[in-house]
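A.B. asks: Structure file protein_25.txt (compact mmCIF, C-alpha atoms) is given on the next line.
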```txt
# COMPACT_ATOMS: atom_id res chain seq x y z
CA MET W 1 134.79 97.40 117.68
CA THR W 2 132.78 94.29 116.76
CA GLU W 3 129.63 94.96 114.75
CA ARG W 4 126.72 92.55 114.69
CA ILE W 5 125.39 91.77 111.23
CA ALA W 6 122.00 90.06 111.14
CA ILE W 7 121.16 88.18 107.96
CA LEU W 8 117.48 87.46 107.35
CA GLY W 9 116.90 84.36 105.27
CA GLY W 10 118.10 80.78 105.35
CA GLY W 11 118.27 80.27 101.59
CA ALA W 12 121.32 80.09 99.37
CA MET W 13 121.98 83.84 99.26
CA GLY W 14 121.46 84.32 102.99
CA SER W 15 123.93 81.56 103.72
CA ALA W 16 126.40 82.93 101.16
CA CYS W 17 126.17 86.37 102.76
CA ALA W 18 126.92 84.81 106.15
CA VAL W 19 130.02 83.13 104.72
CA LEU W 20 131.03 86.45 103.19
CA ALA W 21 130.50 88.55 106.32
CA ALA W 22 132.31 86.02 108.50
CA THR W 23 135.47 86.50 106.45
CA HIS W 24 135.97 89.65 108.52
CA GLY W 25 136.99 88.49 111.99
CA GLU W 26 135.78 91.68 113.66
CA GLN W 27 132.11 91.05 112.73
CA ASP W 28 129.55 89.11 114.76
CA VAL W 29 127.46 87.33 112.11
CA ARG W 30 123.96 86.06 112.93
CA LEU W 31 121.97 84.07 110.35
CA TRP W 32 118.24 84.04 111.05
CA VAL W 33 116.42 81.02 109.60
CA ARG W 34 112.62 81.05 109.90
CA ASP W 35 112.21 77.29 110.32
CA ALA W 36 113.47 76.17 113.75
CA ASP W 37 114.29 72.60 112.66
CA ALA W 38 116.27 73.85 109.67
CA ALA W 39 118.12 76.36 111.86
CA GLU W 40 119.07 73.64 114.35
CA THR W 41 120.31 71.34 111.60
CA ILE W 42 122.39 74.04 109.93
CA ALA W 43 123.82 75.14 113.28
CA ARG W 44 124.81 71.56 114.13
CA THR W 45 126.15 70.43 110.75
CA ARG W 46 127.44 73.86 109.60
CA VAL W 47 126.00 73.11 106.13
CA ASN W 48 122.80 74.39 104.54
CA ASP W 49 122.22 71.09 102.80
CA ARG W 50 118.96 72.15 101.12
CA TYR W 51 120.13 75.36 99.48
CA LEU W 52 123.94 75.53 99.60
CA PRO W 53 125.18 71.97 100.13
CA HIS W 54 128.76 72.41 98.98
CA SER W 55 129.78 75.23 101.35
CA ARG W 56 130.56 75.12 105.06
CA LEU W 57 129.51 77.89 107.44
CA ASP W 58 132.26 79.10 109.74
CA ASP W 59 131.88 78.01 113.35
CA ALA W 60 131.73 81.68 114.39
CA ILE W 61 128.42 82.20 112.54
CA THR W 62 125.42 82.00 114.84
CA VAL W 63 122.51 80.22 113.14
CA THR W 64 119.19 80.67 114.88
CA ALA W 65 115.41 80.83 114.49
CA ASP W 66 115.24 83.12 117.52
CA ALA W 67 114.63 86.67 116.27
CA ALA W 68 115.95 88.23 119.47
CA ALA W 69 119.19 86.27 119.29
CA ALA W 70 119.69 87.33 115.68
CA LEU W 71 118.59 90.95 115.75
CA ASP W 72 119.11 92.48 119.20
CA GLY W 73 122.01 94.91 118.95
CA ALA W 74 122.48 94.47 115.21
CA GLY W 75 124.14 97.38 113.48
CA LEU W 76 123.43 96.15 109.96
CA ILE W 77 120.54 94.06 108.61
CA VAL W 78 120.94 92.01 105.43
CA ALA W 79 117.61 91.12 103.79
CA ALA W 80 118.01 87.87 101.84
CA VAL W 81 114.45 86.54 101.62
CA PRO W 82 112.41 86.15 98.42
CA CYS W 83 110.96 89.45 97.25
CA GLN W 84 107.34 88.36 97.65
CA GLN W 85 108.05 87.38 101.28
CA LEU W 86 109.94 90.54 102.24
CA ARG W 87 106.97 92.55 103.51
CA GLY W 88 105.64 89.77 105.73
CA CYS W 89 109.12 88.97 107.04
CA LEU W 90 109.82 92.57 108.04
CA GLU W 91 106.36 93.03 109.57
CA GLY W 92 106.89 89.94 111.69
CA LEU W 93 110.31 91.07 112.89
CA ALA W 94 109.76 94.84 113.05
CA ASP W 95 109.58 94.96 116.86
CA ARG W 96 113.00 93.28 117.05
CA ILE W 97 114.82 95.25 114.38
CA PRO W 98 116.86 98.01 116.07
CA ASP W 99 115.73 101.55 115.31
CA ASN W 100 117.56 103.13 112.39
CA ALA W 101 119.58 99.98 111.61
CA PRO W 102 120.33 100.21 107.87
CA VAL W 103 119.16 97.43 105.59
CA VAL W 104 121.28 95.81 102.89
CA SER W 105 119.02 94.24 100.27
CA VAL W 106 120.35 91.36 98.19
CA ILE W 107 116.84 90.80 96.80
CA LYS W 108 116.35 90.88 93.04
CA GLY W 109 112.68 91.28 92.29
CA ILE W 110 109.64 93.53 92.25
CA GLU W 111 106.69 93.04 94.62
CA SER W 112 104.02 91.64 92.29
CA GLU W 113 100.93 93.16 93.92
CA THR W 114 102.32 96.69 94.25
CA SER W 115 105.17 96.88 91.66
CA LEU W 116 107.34 98.25 94.49
CA ARG W 117 111.09 97.79 94.68
CA PRO W 118 112.56 96.08 97.79
CA SER W 119 113.79 99.37 99.26
CA GLU W 120 110.30 100.83 98.92
CA VAL W 121 108.86 97.86 100.80
CA VAL W 122 111.49 98.33 103.52
CA HIS W 123 110.53 101.99 103.88
CA GLU W 124 106.81 101.20 104.03
CA VAL W 125 107.36 98.72 106.86
CA LEU W 126 110.31 100.16 108.80
CA GLY W 127 110.11 103.85 108.01
CA ASP W 128 112.95 106.12 107.03
CA VAL W 129 115.91 103.77 107.41
CA GLY W 130 118.96 103.67 105.19
CA VAL W 131 118.89 101.07 102.42
CA VAL W 132 121.69 99.75 100.24
CA ALA W 133 121.13 97.35 97.33
CA LEU W 134 123.87 94.87 96.47
CA ALA W 135 123.49 94.24 92.75
CA GLY W 136 125.49 92.56 90.04
CA PRO W 137 126.43 89.08 88.76
CA SER W 138 126.43 87.19 92.04
CA HIS W 139 125.31 83.57 92.18
CA ALA W 140 125.26 82.42 95.80
CA GLU W 141 127.07 79.18 94.95
CA GLU W 142 130.03 81.07 93.53
CA ILE W 143 130.16 83.65 96.33
CA ALA W 144 130.26 80.93 98.97
CA GLY W 145 132.85 79.05 96.93
CA ARG W 146 135.11 82.13 96.97
CA MET W 147 135.04 82.53 93.21
CA PRO W 148 135.91 86.09 92.09
CA THR W 149 132.79 88.28 92.05
CA ALA W 150 132.16 92.01 91.69
CA VAL W 151 128.97 93.89 92.55
CA VAL W 152 127.81 97.40 93.37
CA ALA W 153 126.56 98.73 96.71
CA ALA W 154 123.96 101.24 95.56
CA SER W 155 122.48 103.92 97.78
CA GLY W 156 121.65 107.59 97.70
CA ASP W 157 123.69 107.79 100.92
CA VAL W 158 127.30 107.45 99.75
CA SER W 159 128.66 107.04 103.27
CA LEU W 160 126.30 104.13 103.88
CA ALA W 161 127.33 102.49 100.60
CA GLU W 162 130.96 102.87 101.68
CA ARG W 163 130.15 101.31 105.05
CA VAL W 164 128.68 98.25 103.33
CA GLN W 165 131.65 98.19 100.96
CA HIS W 166 133.96 97.93 103.97
CA ALA W 167 131.81 95.39 105.81
CA LEU W 168 131.42 92.86 102.99
CA SER W 169 134.39 93.28 100.63
CA THR W 170 136.97 90.50 100.54
CA ASP W 171 139.88 89.56 98.30
CA ARG W 172 137.34 87.52 96.28
CA PHE W 173 134.29 89.77 96.53
CA ARG W 174 134.86 93.24 95.12
CA ILE W 175 132.28 95.95 95.83
CA TYR W 176 132.00 99.24 93.96
CA THR W 177 129.89 102.01 95.44
CA HIS W 178 127.07 103.41 93.32
CA ARG W 179 124.54 106.23 93.75
CA ASP W 180 121.64 104.85 91.70
CA LEU W 181 119.58 102.74 94.10
CA VAL W 182 116.53 102.88 91.83
CA GLY W 183 118.45 101.63 88.81
CA ALA W 184 120.29 98.89 90.70
CA GLU W 185 117.05 97.47 92.09
CA LEU W 186 115.16 97.69 88.81
CA ALA W 187 118.04 96.08 86.92
CA GLY W 188 118.12 93.21 89.41
CA GLY W 189 114.39 92.62 89.14
CA LEU W 190 113.86 93.10 85.43
CA LYS W 191 116.78 90.94 84.34
CA ASN W 192 115.04 87.90 85.82
CA VAL W 193 112.15 88.34 83.40
CA ILE W 194 114.54 88.57 80.46
CA ALA W 195 116.31 85.45 81.76
CA ILE W 196 113.06 83.50 81.53
CA ALA W 197 112.84 84.56 77.88
CA ALA W 198 116.47 83.50 77.35
CA GLY W 199 115.67 80.11 78.83
CA ILE W 200 112.72 79.78 76.46
CA CYS W 201 115.19 80.27 73.60
CA ASP W 202 117.25 77.41 75.00
CA GLY W 203 114.24 75.17 75.50
CA LEU W 204 113.04 75.74 71.94
CA GLY W 205 116.54 75.19 70.57
CA LEU W 206 116.58 78.54 68.78
CA GLY W 207 120.36 78.92 68.69
CA ASP W 208 122.93 81.56 69.51
CA ASN W 209 121.65 84.25 67.17
CA ALA W 210 118.20 84.25 68.74
CA LYS W 211 119.46 84.25 72.31
CA SER W 212 121.98 87.03 71.72
CA THR W 213 119.28 89.06 70.00
CA LEU W 214 116.96 88.50 72.93
CA VAL W 215 119.56 89.56 75.50
CA SER W 216 120.59 92.64 73.50
CA ARG W 217 117.01 93.80 73.08
CA GLY W 218 116.42 92.93 76.71
CA VAL W 219 119.03 95.50 77.73
CA VAL W 220 117.16 98.11 75.70
CA GLU W 221 113.84 97.14 77.24
CA ILE W 222 114.94 97.19 80.88
CA THR W 223 116.73 100.49 80.25
CA ARG W 224 113.54 101.95 78.78
CA VAL W 225 111.44 100.86 81.74
CA GLY W 226 114.10 101.78 84.30
CA THR W 227 114.80 105.29 83.07
CA HIS W 228 111.08 106.03 82.88
CA LEU W 229 110.91 105.15 86.58
CA GLY W 230 113.79 107.42 87.53
CA ALA W 231 116.89 105.28 87.05
CA GLU W 232 120.07 106.43 85.32
CA SER W 233 120.58 104.80 81.91
CA GLU W 234 124.28 104.13 82.62
CA THR W 235 123.33 101.77 85.44
CA PHE W 236 121.93 99.27 82.97
CA HIS W 237 125.26 99.06 81.16
CA GLY W 238 127.32 98.24 84.25
CA LEU W 239 127.57 95.42 86.77
CA ALA W 240 123.99 95.79 88.02
CA GLY W 241 122.62 95.78 84.48
CA VAL W 242 124.48 94.00 81.68
CA GLY W 243 126.73 92.17 84.13
CA ASP W 244 123.90 90.55 86.05
CA LEU W 245 121.79 90.04 82.93
CA MET W 246 124.52 88.03 81.17
CA THR W 247 125.05 85.79 84.18
CA THR W 248 121.35 85.15 84.67
CA CYS W 249 120.65 84.48 80.99
CA PHE W 250 123.55 82.08 80.38
CA SER W 251 124.35 80.33 83.66
CA GLY W 252 123.32 76.83 84.65
CA HIS W 253 122.85 78.17 88.20
CA SER W 254 120.08 80.53 87.05
CA ARG W 255 116.68 79.46 88.33
CA ASN W 256 114.90 81.92 86.04
CA ARG W 257 116.70 80.74 82.92
CA GLY W 258 115.92 77.18 84.00
CA VAL W 259 112.21 77.96 84.31
CA GLY W 260 112.26 79.43 80.81
CA GLU W 261 114.05 76.42 79.37
CA ARG W 262 111.40 74.09 80.78
CA LEU W 263 108.65 76.34 79.43
CA GLY W 264 110.29 76.18 76.01
CA LYS W 265 110.24 72.39 76.21
CA GLY W 266 106.50 72.47 76.83
CA GLU W 267 106.17 71.99 80.59
CA PRO W 268 103.27 73.85 82.23
CA ILE W 269 104.35 76.61 84.59
CA ASP W 270 102.36 75.18 87.52
CA GLU W 271 104.23 71.89 87.29
CA ILE W 272 107.58 73.66 86.99
CA LEU W 273 107.01 75.78 90.09
CA ALA W 274 105.63 72.85 92.09
CA SER W 275 108.82 70.88 91.42
CA MET W 276 111.15 73.65 92.69
CA HIS W 277 112.29 74.16 96.28
CA THR W 278 113.82 77.52 95.40
CA VAL W 279 112.16 80.71 94.16
CA ALA W 280 112.34 82.00 90.58
CA GLU W 281 111.80 85.72 91.21
CA GLY W 282 111.18 86.45 87.54
CA VAL W 283 107.79 84.74 87.60
CA PRO W 284 105.94 87.10 89.98
CA THR W 285 108.09 90.02 88.82
CA ALA W 286 106.89 89.52 85.23
CA ARG W 287 103.30 90.10 86.30
CA GLY W 288 104.14 93.19 88.38
CA VAL W 289 106.30 94.78 85.67
CA LYS W 290 103.79 94.00 82.90
CA GLU W 291 101.05 95.77 84.86
CA LEU W 292 103.39 98.68 85.56
CA ALA W 293 104.36 98.97 81.87
CA ASP W 294 100.69 98.97 80.90
CA ARG W 295 99.89 101.72 83.41
CA GLU W 296 102.78 103.85 82.21
CA ASP W 297 102.18 103.09 78.51
CA LEU W 298 105.69 101.71 78.06
CA ASP W 299 106.74 99.56 75.12
CA ALA W 300 107.95 96.32 76.73
CA PRO W 301 107.42 93.54 74.17
CA ILE W 302 109.67 90.89 75.74
CA ILE W 303 108.19 91.37 79.20
CA THR W 304 104.70 91.32 77.65
CA GLU W 305 105.32 88.01 75.91
CA VAL W 306 106.91 86.40 78.99
CA ASP W 307 103.84 87.43 80.97
CA ALA W 308 101.59 85.93 78.29
CA VAL W 309 103.43 82.60 78.43
CA LEU W 310 103.49 82.50 82.24
CA PHE W 311 99.98 83.71 83.00
CA GLY W 312 98.04 83.70 79.73
CA GLY W 313 98.73 80.18 78.56
CA LYS W 314 100.38 81.36 75.34
CA PRO W 315 102.64 78.71 73.76
CA ALA W 316 106.30 79.72 73.86
CA ASP W 317 106.79 79.36 70.12
CA LYS W 318 103.81 81.66 69.48
CA ALA W 319 105.39 84.28 71.75
CA VAL W 320 108.59 84.09 69.71
CA HIS W 321 106.57 84.51 66.49
CA THR W 322 104.87 87.60 67.95
CA LEU W 323 108.22 89.19 68.78
CA MET W 324 109.75 88.39 65.38
CA THR W 325 106.80 89.74 63.38
CA ARG W 326 106.38 93.07 65.16
CA PRO W 327 106.29 96.13 62.84
CA ARG W 328 109.68 96.85 61.26
CA LYS W 329 111.50 99.86 62.69
CA ALA W 330 114.93 101.42 63.18
CA GLU W 331 117.04 100.09 66.05
CA ARG W 332 116.88 102.37 69.08
CA LEU W 333 119.28 101.72 71.92
CA ALA W 334 117.71 103.67 74.75
CA LEU W 335 114.15 105.00 74.79
```
Written as structure tokens, that's how I'd like the structure from this file.
C.D. replies:
Amino acid sequence: MTERIAILGGGAMGSACAVLAATHGEQDVRLWVRDADAAETIARTRVNDRYLPHSRLDDAITVTADAAAALDGAGLIVAAVPCQQLRGCLEGLADRIPDNAPVVSVIKGIESETSLRPSEVVHEVLGDVGVVALAGPSHAEEIAGRMPTAVVAASGDVSLAERVQHALSTDRFRIYTHRDLVGAELAGGLKNVIAIAAGICDGLGLGDNAKSTLVSRGVVEITRVGTHLGAESETFHGLAGVGDLMTTCFSGHSRNRGVGERLGKGEPIDEILASMHTVAEGVPTARGVKELADREDLDAPIITEVDAVLFGGKPADKAVHTLMTRPRKAERLAL
């Protein structure tokens, strides 16, 4: 039986998910693009030239700005919009989203004003629906280019995670099921903040030792924050944690690492963001996580310094000095 999969978001990841889902011939894939002109162009040319110019969308994929055409009868909803836009997107489409249709989140961020994870935003807007987070090292460009990729489908509902595993797995996209939804979402959001710090290392020309130190301590920091919020520590040492963190901190595709590199070279954050047509989720996430860490009295020095550079005007080299001159202590690998 053909299942309709509705993908919300006309960016790179939304388009990559459409390419992925269309690999299965038994699935009716609908890509919802908010902007009507962009939707028409993508539907006609079969290329998302703005966000994913080197990949073609299969002719079977329906591209539309019409919510009814995308969502009516959908059995699975894939949320692929920027984290800070998720709430507004779902509120605008709520009357069209079928009751009890599960949501697959490929969003890696934390809502800045509330410090909520994407699944928590989904539940606030849509109620008690099933949510699965796809998490792991997964650049959209490489997914759409059929380069080997592995991720986890994380949900407290194992049967739902297995359903998503079946719906989206291909011979080039391997999905493992996972029970820790909280950890998978926090890992995906927090790693973007660490990636900004890694980019700052690159921009300042600090070398391999500094960057590897930063990433290693970043694992400890996101594990500390994550486990305090109910995640399992093991999650941060798997695909959703270390796997995604390495990709985001070292890849040329990484928007967050790129933002950090430009900060390290002295560009003001306002000018960096104004020049981008894509979203660097780590920027708003840094503010939300910093406020959360302060409320919970958590030691998060890297996140604190990234926040200070982004929102406090602190020079990047001064932030590095602060981290390197903290009180001496024994290395702790978890809490």
A.B. asks: Between W:Ile222, W:Ala133, W:Ala18, W:Val259, which residue has the minimum interatomic distance to W:Val164, considering all atoms listed in the file?
C.D. replies: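 Smallest distance to W:Val164 is found for W:Ala133.
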A.B. asks: May I ask which of the residues W:Arg287, W:Arg332, W:Arg4, W:Arg146 is the closest one to W:Thr223, counting all atoms listed in the file?
C.D. replies: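 Once distances to W:Thr223 are computed over all atoms listed in the file, the minimum belongs to W:Arg332.
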A.B. asks: One decimal, Å: what's the distance from atom CA of W:His253 over to atom CA of W:Cys17, could you say?
C.D. replies: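 So the two atoms, atom CA of W:His253 and atom CA of W:Cys17, lie 17.0 Å apart.
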A.B. asks: I want to know what sits within 12 Å of W:Gly88, based on only C-alpha atoms, with residues of the same chain fewer than 3 positions away left out; could you give that as a ChimeraX atom specification?
C.D. replies: /W:34,81-85,91-94,111,121-122,124-126
A.B. asks: Given the point (133.3, 93.0, 91.4) in the file's coordinates, find the residues that have an atom at most 6 Å from it, counting only C-alpha atoms, and give them as a tab-separated table (two decimals) with C-alpha atoms, in the frame of the given file.
C.D. replies:
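Saved result, selection-v3.tsv, follows:
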```tsv
chain	number	residue	atom	x	y	z
W	149	THR	CA	132.79	88.28	92.05
W	150	ALA	CA	132.16	92.01	91.69
W	151	VAL	CA	128.97	93.89	92.55
W	174	ARG	CA	134.86	93.24	95.12
W	175	ILE	CA	132.28	95.95	95.83
```
A.B. asks: When distances are computed from all atoms listed in the file, which of W:Ala293, W:Ile77, W:Ala198, W:Leu186 shows the smallest separation from W:Glu120?
C.D. replies: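 For W:Glu120, the nearest of the candidates is W:Leu186.
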A.B. asks: Residues around (113.7, 92.7, 85.3), cut-off 8 Å, counting all atoms listed in the file - what are they as a list in words?
C.D. replies: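 Selection result: Gly109, Leu186, Ala187, Gly188, Gly189, Leu190, Lys191, Asn192, Val193, Ile194, Ile222, Gly282, Thr285, Ala286 and Val289 of chain W.
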A.B. asks: For W:Pro137, work out the shell of residues within 6 Å, counting only C-alpha atoms and skipping chain neighbours fewer than 5 positions away, then give it as a VMD selection string.
C.D. replies: chain W and resid 243 to 244 247
A.B. asks: Would you mind exporting the chosen residues as an mmCIF file, in the coordinates of the input, restricted to C-alpha atoms?
C.D. replies:
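again-v4.cif was written with the following content:
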```cif
data_model
loop_
_atom_site.group_PDB
_atom_site.id
_atom_site.type_symbol
_atom_site.label_atom_id
_atom_site.label_comp_id
_atom_site.auth_asym_id
_atom_site.auth_seq_id
_atom_site.Cartn_x
_atom_site.Cartn_y
_atom_site.Cartn_z
ATOM 1 C CA GLY W 243 126.730 92.170 84.130
ATOM 2 C CA ASP W 244 123.900 90.550 86.050
ATOM 3 C CA THR W 247 125.050 85.790 84.180
#
```
A.B. asks: Counting all atoms listed in the file, which of W:Val225, W:Ala36, W:Cys89, W:Leu181 gets nearest to W:Val131?
C.D. replies: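 For W:Val131, the nearest of the candidates is W:Leu181.
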A.B. asks: Quick one: pull the distance between atom CA of W:Thr114 and atom CA of W:Pro284, Å, one decimal.
C.D. replies: 11.1 Å
A.B. asks: Please determine, counting all atoms listed in the file, which residue among W:Pro327, W:Pro53, W:Gly203, W:Gly230 has the shortest atom-to-atom distance to W:Ala140.
C.D. replies: W:Pro53
A.B. asks: Have a look at W:Asp28, W:Glu221, W:Glu305, W:Asp35 and name the one nearest to W:Leu323; count only C-alpha atoms.
C.D. replies: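 Answer, going by the shortest atom-to-atom distance: W:Glu305.
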A.B. asks: Mind pulling up the distance from atom CA of W:Met324 to atom CA of W:Gly258?
C.D. replies: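 According to the coordinates, atom CA of W:Gly258 and atom CA of W:Met324 are separated by 22.6 Å.
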A.B. asks: List the neighbours of W:Asp99 out to 12 Å using all atoms listed in the file; skip same-chain residues closer than 5 positions along the sequence, and give me the result as number ranges by chain.
C.D. replies: W: 71-77, 94, 126-130
A.B. asks: With 8 Å as the cut-off and only C-alpha atoms counted, what is the closest atom pair between each nearby residue of stretch 202-271 of chain W and stretch 314-322 of chain W? Distances in Å to one decimal, ordered by chain and number, as CSV.
C.D. replies:
```
residue,atom,partner,partner_atom,distance
W:Leu204,CA,W:Asp317,CA,7.4
W:Leu263,CA,W:Ala316,CA,6.9
W:Gly264,CA,W:Ala316,CA,5.8
W:Gly266,CA,W:Ala316,CA,7.8
```
A.B. asks: Could the residues in this selection be saved with C-alpha atoms as an mmCIF file, in the frame of the given file?
C.D. replies:
```cif
data_model
loop_
_atom_site.group_PDB
_atom_site.id
_atom_site.type_symbol
_atom_site.label_atom_id
_atom_site.label_comp_id
_atom_site.auth_asym_id
_atom_site.auth_seq_id
_atom_site.Cartn_x
_atom_site.Cartn_y
_atom_site.Cartn_z
ATOM 1 C CA LEU W 204 113.040 75.740 71.940
ATOM 2 C CA LEU W 263 108.650 76.340 79.430
ATOM 3 C CA GLY W 264 110.290 76.180 76.010
ATOM 4 C CA GLY W 266 106.500 72.470 76.830
#
```
A.B. asks: Quick one: everything within 10 Å of W:Gly156, counting all atoms listed in the file, minus sequence neighbours fewer than 4 positions away in the same chain. Send it as a VMD selection string.
C.D. replies: chain W and resid 130 to 132 160 to 161 178 to 182
A.B. asks: Within 12 Å of W:Ser212, counting only C-alpha atoms, which residues qualify if same-chain residues fewer than 4 places away don't, as a compact mmCIF listing (two decimals) with C-alpha atoms, in the coordinates of the input?
C.D. replies:
```txt
# COMPACT_ATOMS: atom_id res chain seq x y z
CA ILE W 194 114.54 88.57 80.46
CA ALA W 195 116.31 85.45 81.76
CA ALA W 197 112.84 84.56 77.88
CA ALA W 198 116.47 83.50 77.35
CA GLY W 199 115.67 80.11 78.83
CA CYS W 201 115.19 80.27 73.60
CA ASP W 202 117.25 77.41 75.00
CA LEU W 206 116.58 78.54 68.78
CA GLY W 207 120.36 78.92 68.69
CA ASP W 208 122.93 81.56 69.51
CA SER W 216 120.59 92.64 73.50
CA ARG W 217 117.01 93.80 73.08
CA GLY W 218 116.42 92.93 76.71
CA VAL W 219 119.03 95.50 77.73
CA LEU W 245 121.79 90.04 82.93
CA MET W 246 124.52 88.03 81.17
CA CYS W 249 120.65 84.48 80.99
CA PHE W 250 123.55 82.08 80.38
```
